[in-house]
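Novice: One structure follows; several queries about it will come next.
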There are 2 protein chains.
Amino acid sequence: MMRTPTAHQLDEVFVALADETRRAILARLSAGQARVTEVAAPFPISLNSVSKHIRILERAGLVARRRSGRDHYLSLDARPLTQASDWLQSRQRFWASRVERLQALLDEEDARPGPRAAGGRRS
Amino acid sequence: MMRTPTAHQLDEVFVALADETRRAILARLSAGQARVTEVAAPFPISLNSVSKHIRILERAGLVARRRSGRDHYLSLDARPLTQASDWLQSRQRFWASRVERLQALLDEEDARPGPRAAGGRRS
């Protein structure tokens, strides 16, 4: 059963997803855990910038950190992603179907014979 | 067929979705087009703040604006939402399945009989 995420959790996950570097970090970690320096290596930005991105991902619960001596290992936690994806899919379907139904009603109205309604184009 | 959104489009849609007020505006517009003042009415924030939220939604292509004299009518365009939802669902499935497969491999490794690996716990 799907657990509905809170508004705050949705905010954090969508913020986390709204950046190409952060999406690339998630893709990297889906291939297995990695040290912070390994995660940072492919990006043409400072380690400090990558660390900031990682903290945003941690705040959203998408990345977990495990310390082993001086090494910090990062891993992907896909659960908040699943929740956000389920939420977005259900909203998208519901909203899109409402908009379509409304459009169909308006088209029907337009197709109906008779005098032009008073609320029509006035220019 | 699903058109893959660009990185920039994904950024804009996820930014747009990362706020409770903006999600509520989308929900309102899925029930039909509305004037800016009508959209703003239920929110305990200034019209100016609501206008800023609307501009972020317009930038993401989620809201369209039609001018009729002095009135501005807003309507929902669900297409970028569908694209982002499809993208997120495909990534979520792919990433989660990689993580699960990896975990299964590690569990298998742990269950295998034999001497403890040299890379094991050292504390």
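Lettering and numbering for the structure tokens are positional, with chains as A, B, ... in the shown order, residues counted from 1 in each chain, and ligands counted from 1 in the shown order.
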Please find the residues of chain A near chain B - the criterion being any atom within 9 Å, counting only C-alpha atoms - and write them as a compact mmCIF listing (two decimals) with C-alpha atoms, in the first residue's frame.

Specialist:
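Produced file result_25.txt, reproduced below:
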# COMPACT_ATOMS: atom_id res chain seq x y z
CA ALA A 7 3.53 18.23 1.82
CA HIS A 8 6.95 18.83 3.36
CA LEU A 10 7.03 16.27 -1.44
CA ASP A 11 8.67 19.71 -1.30
CA GLU A 12 12.03 18.17 -0.36
CA VAL A 13 11.96 15.37 -2.96
CA PHE A 14 10.91 17.67 -5.81
CA VAL A 15 13.55 20.24 -4.82
CA ALA A 16 16.10 17.40 -4.80
CA LEU A 17 15.01 16.25 -8.28
CA ALA A 18 15.00 19.78 -9.75
CA ASP A 19 18.71 19.76 -10.61
CA GLU A 20 20.63 17.83 -13.26
CA LEU A 26 21.15 9.48 -7.85
CA ALA A 27 21.83 7.60 -11.10
CA LEU A 29 24.38 5.68 -6.57
CA SER A 30 21.78 3.35 -8.09
CA ALA A 31 24.81 1.41 -9.42
CA GLY A 32 26.08 0.89 -5.86
CA SER A 75 23.91 4.94 -0.93
CA LEU A 76 20.59 5.49 -2.68
CA ASP A 77 17.32 5.05 -0.80
CA ALA A 78 14.67 4.81 -3.51
CA ARG A 79 11.63 4.81 -1.17
CA LEU A 81 11.32 8.45 -4.96
CA THR A 82 8.65 5.76 -5.19
CA ALA A 84 6.82 10.97 -5.03
CA SER A 85 6.43 9.05 -8.28
CA ASP A 86 3.16 7.43 -7.09
CA LEU A 88 2.75 12.56 -9.17
CA GLN A 89 1.28 9.78 -11.30
CA ARG A 91 -2.30 13.66 -9.57
CA GLN A 92 -1.27 13.79 -13.22
CA ARG A 93 -3.94 11.23 -14.16
CA PHE A 94 -6.65 12.90 -12.08
CA TRP A 95 -5.89 16.47 -13.20
CA ALA A 96 -5.42 15.55 -16.85
CA SER A 97 -8.72 13.62 -16.90
CA ARG A 98 -10.58 16.60 -15.36
CA VAL A 99 -9.10 18.96 -17.96
CA LEU A 102 -13.96 19.90 -19.29

Novice: Output the coordinates of chain B after least-squares fitting to chain A on all in-order C-alpha pairs, as an mmCIF file with C-alpha atoms, in the first residue's frame.

Specialist:
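Below is the file that was written, superposed34.cif:
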data_model
loop_
_atom_site.group_PDB
_atom_site.id
_atom_site.type_symbol
_atom_site.label_atom_id
_atom_site.label_comp_id
_atom_site.auth_asym_id
_atom_site.auth_seq_id
_atom_site.Cartn_x
_atom_site.Cartn_y
_atom_site.Cartn_z
ATOM 1 C CA MET B 1 -0.021 -0.018 0.017
ATOM 2 C CA MET B 2 1.216 3.457 -0.872
ATOM 3 C CA ARG B 3 1.955 5.739 2.059
ATOM 4 C CA THR B 4 0.951 9.291 1.164
ATOM 5 C CA PRO B 5 3.927 11.615 1.568
ATOM 6 C CA THR B 6 3.461 14.803 3.607
ATOM 7 C CA ALA B 7 3.522 18.192 1.857
ATOM 8 C CA HIS B 8 6.937 18.798 3.373
ATOM 9 C CA GLN B 9 8.326 15.478 2.078
ATOM 10 C CA LEU B 10 7.020 16.245 -1.416
ATOM 11 C CA ASP B 11 8.669 19.697 -1.277
ATOM 12 C CA GLU B 12 12.025 18.153 -0.355
ATOM 13 C CA VAL B 13 11.946 15.371 -2.948
ATOM 14 C CA PHE B 14 10.880 17.674 -5.802
ATOM 15 C CA VAL B 15 13.534 20.241 -4.808
ATOM 16 C CA ALA B 16 16.092 17.410 -4.808
ATOM 17 C CA LEU B 17 14.984 16.264 -8.273
ATOM 18 C CA ALA B 18 14.973 19.795 -9.748
ATOM 19 C CA ASP B 19 18.678 19.779 -10.616
ATOM 20 C CA GLU B 20 20.603 17.865 -13.273
ATOM 21 C CA THR B 21 23.688 17.254 -11.068
ATOM 22 C CA ARG B 22 21.545 15.821 -8.272
ATOM 23 C CA ARG B 23 19.705 13.551 -10.736
ATOM 24 C CA ALA B 24 23.101 12.343 -12.021
ATOM 25 C CA ILE B 25 24.249 11.622 -8.446
ATOM 26 C CA LEU B 26 21.141 9.484 -7.872
ATOM 27 C CA ALA B 27 21.824 7.611 -11.127
ATOM 28 C CA ARG B 28 25.435 7.001 -10.024
ATOM 29 C CA LEU B 29 24.372 5.694 -6.608
ATOM 30 C CA SER B 30 21.787 3.353 -8.124
ATOM 31 C CA ALA B 31 24.819 1.425 -9.455
ATOM 32 C CA GLY B 32 26.100 0.906 -5.901
ATOM 33 C CA GLN B 33 27.346 2.772 -2.828
ATOM 34 C CA ALA B 34 30.275 5.143 -3.285
ATOM 35 C CA ARG B 35 32.548 7.481 -1.338
ATOM 36 C CA VAL B 36 31.804 11.227 -1.529
ATOM 37 C CA THR B 37 35.012 11.781 -3.535
ATOM 38 C CA GLU B 38 34.044 9.033 -6.005
ATOM 39 C CA VAL B 39 30.609 10.558 -6.458
ATOM 40 C CA ALA B 40 32.163 13.993 -7.024
ATOM 41 C CA ALA B 41 34.863 12.873 -9.495
ATOM 42 C CA PRO B 42 32.883 13.058 -12.791
ATOM 43 C CA PHE B 43 31.502 16.551 -12.151
ATOM 44 C CA PRO B 44 33.304 19.709 -13.312
ATOM 45 C CA ILE B 45 32.391 21.502 -10.074
ATOM 46 C CA SER B 46 34.087 21.771 -6.676
ATOM 47 C CA LEU B 47 33.868 19.038 -4.039
ATOM 48 C CA ASN B 48 32.187 21.643 -1.855
ATOM 49 C CA SER B 49 29.423 22.171 -4.440
ATOM 50 C CA VAL B 50 28.883 18.434 -4.796
ATOM 51 C CA SER B 51 28.688 18.141 -0.991
ATOM 52 C CA LYS B 52 25.911 20.740 -0.958
ATOM 53 C CA HIS B 53 23.980 18.758 -3.570
ATOM 54 C CA ILE B 54 24.462 15.594 -1.513
ATOM 55 C CA ARG B 55 23.097 17.307 1.602
ATOM 56 C CA ILE B 56 19.940 18.300 -0.313
ATOM 57 C CA LEU B 57 19.541 14.661 -1.392
ATOM 58 C CA GLU B 58 20.075 13.484 2.206
ATOM 59 C CA ARG B 59 17.493 15.952 3.486
ATOM 60 C CA ALA B 60 14.972 14.465 1.043
ATOM 61 C CA GLY B 61 15.812 10.981 2.345
ATOM 62 C CA LEU B 62 17.056 9.896 -1.099
ATOM 63 C CA VAL B 63 20.661 9.370 -0.024
ATOM 64 C CA ALA B 64 21.920 7.661 3.144
ATOM 65 C CA ARG B 65 25.427 8.210 4.573
ATOM 66 C CA ARG B 66 27.442 5.599 6.459
ATOM 67 C CA ARG B 67 30.698 6.558 8.150
ATOM 68 C CA SER B 68 33.558 4.051 8.272
ATOM 69 C CA GLY B 69 36.637 5.659 9.818
ATOM 70 C CA ARG B 70 37.475 8.641 7.625
ATOM 71 C CA ASP B 71 35.387 7.415 4.707
ATOM 72 C CA HIS B 72 31.809 8.441 4.134
ATOM 73 C CA TYR B 73 29.862 5.977 1.997
ATOM 74 C CA LEU B 74 26.747 7.161 0.216
ATOM 75 C CA SER B 75 23.914 4.942 -0.961
ATOM 76 C CA LEU B 76 20.595 5.491 -2.704
ATOM 77 C CA ASP B 77 17.337 5.055 -0.824
ATOM 78 C CA ALA B 78 14.665 4.801 -3.518
ATOM 79 C CA ARG B 79 11.652 4.814 -1.179
ATOM 80 C CA PRO B 80 10.934 8.572 -1.190
ATOM 81 C CA LEU B 81 11.319 8.447 -4.974
ATOM 82 C CA THR B 82 8.654 5.753 -5.201
ATOM 83 C CA GLN B 83 6.319 7.788 -2.986
ATOM 84 C CA ALA B 84 6.812 10.965 -5.025
ATOM 85 C CA SER B 85 6.405 9.039 -8.281
ATOM 86 C CA ASP B 86 3.160 7.429 -7.095
ATOM 87 C CA TRP B 87 1.861 10.785 -5.906
ATOM 88 C CA LEU B 88 2.737 12.552 -9.173
ATOM 89 C CA GLN B 89 1.258 9.777 -11.289
ATOM 90 C CA SER B 90 -2.048 9.812 -9.408
ATOM 91 C CA ARG B 91 -2.320 13.640 -9.555
ATOM 92 C CA GLN B 92 -1.301 13.761 -13.196
ATOM 93 C CA ARG B 93 -3.959 11.199 -14.145
ATOM 94 C CA PHE B 94 -6.659 12.862 -12.062
ATOM 95 C CA TRP B 95 -5.914 16.433 -13.163
ATOM 96 C CA ALA B 96 -5.467 15.533 -16.824
ATOM 97 C CA SER B 97 -8.748 13.595 -16.857
ATOM 98 C CA ARG B 98 -10.612 16.561 -15.312
ATOM 99 C CA VAL B 99 -9.147 18.925 -17.909
ATOM 100 C CA GLU B 100 -10.067 16.533 -20.729
ATOM 101 C CA ARG B 101 -13.623 16.088 -19.455
ATOM 102 C CA LEU B 102 -14.013 19.857 -19.229
ATOM 103 C CA GLN B 103 -12.677 20.323 -22.753
ATOM 104 C CA ALA B 104 -15.120 17.709 -24.060
ATOM 105 C CA LEU B 105 -18.004 19.595 -22.420
ATOM 106 C CA LEU B 106 -16.886 22.884 -23.995
ATOM 107 C CA ASP B 107 -16.513 21.249 -27.424
ATOM 108 C CA GLU B 108 -20.021 19.827 -27.063
ATOM 109 C CA GLU B 109 -21.315 23.284 -26.175
ATOM 110 C CA ASP B 110 -19.590 24.783 -29.251
ATOM 111 C CA ALA B 111 -21.023 22.105 -31.534
ATOM 112 C CA ARG B 112 -24.607 22.630 -30.325
ATOM 113 C CA PRO B 113 -26.734 24.447 -32.932
ATOM 114 C CA GLY B 114 -28.568 27.621 -32.005
ATOM 115 C CA PRO B 115 -27.938 31.354 -31.514
ATOM 116 C CA ARG B 116 -24.481 32.396 -30.346
ATOM 117 C CA ALA B 117 -24.379 32.742 -26.586
ATOM 118 C CA ALA B 118 -24.428 36.236 -25.100
ATOM 119 C CA GLY B 119 -21.111 35.550 -23.404
ATOM 120 C CA GLY B 120 -19.371 34.955 -26.713
ATOM 121 C CA ARG B 121 -16.711 36.977 -28.467
ATOM 122 C CA ARG B 122 -17.420 40.690 -28.232
ATOM 123 C CA SER B 123 -14.477 42.420 -29.940
#

Novice: Using the chain letters and numbers from this document, which residues of chain B does DSSP assign to strand (DSSP E or B), as a ChimeraX atom specification?

Specialist: /B:34-35,63-68,71-76

Novice: Report the residues of chain B whose backbone DSSP state falls under alpha helix (DSSP H), written as JSON, numbers by chain.

Specialist: {"B": [7, 8, 9, 10, 11, 12, 13, 14, 15, 16, 17, 20, 21, 22, 23, 24, 25, 26, 27, 28, 29, 30, 36, 37, 38, 39, 40, 47, 48, 49, 50, 51, 52, 53, 54, 55, 56, 57, 58, 59, 79, 80, 81, 82, 83, 84, 85, 86, 87, 88, 89, 90, 91, 92, 93, 94, 95, 96, 97, 98, 99, 100, 101, 102, 103, 104, 105, 106, 107, 108, 109, 110, 111]}
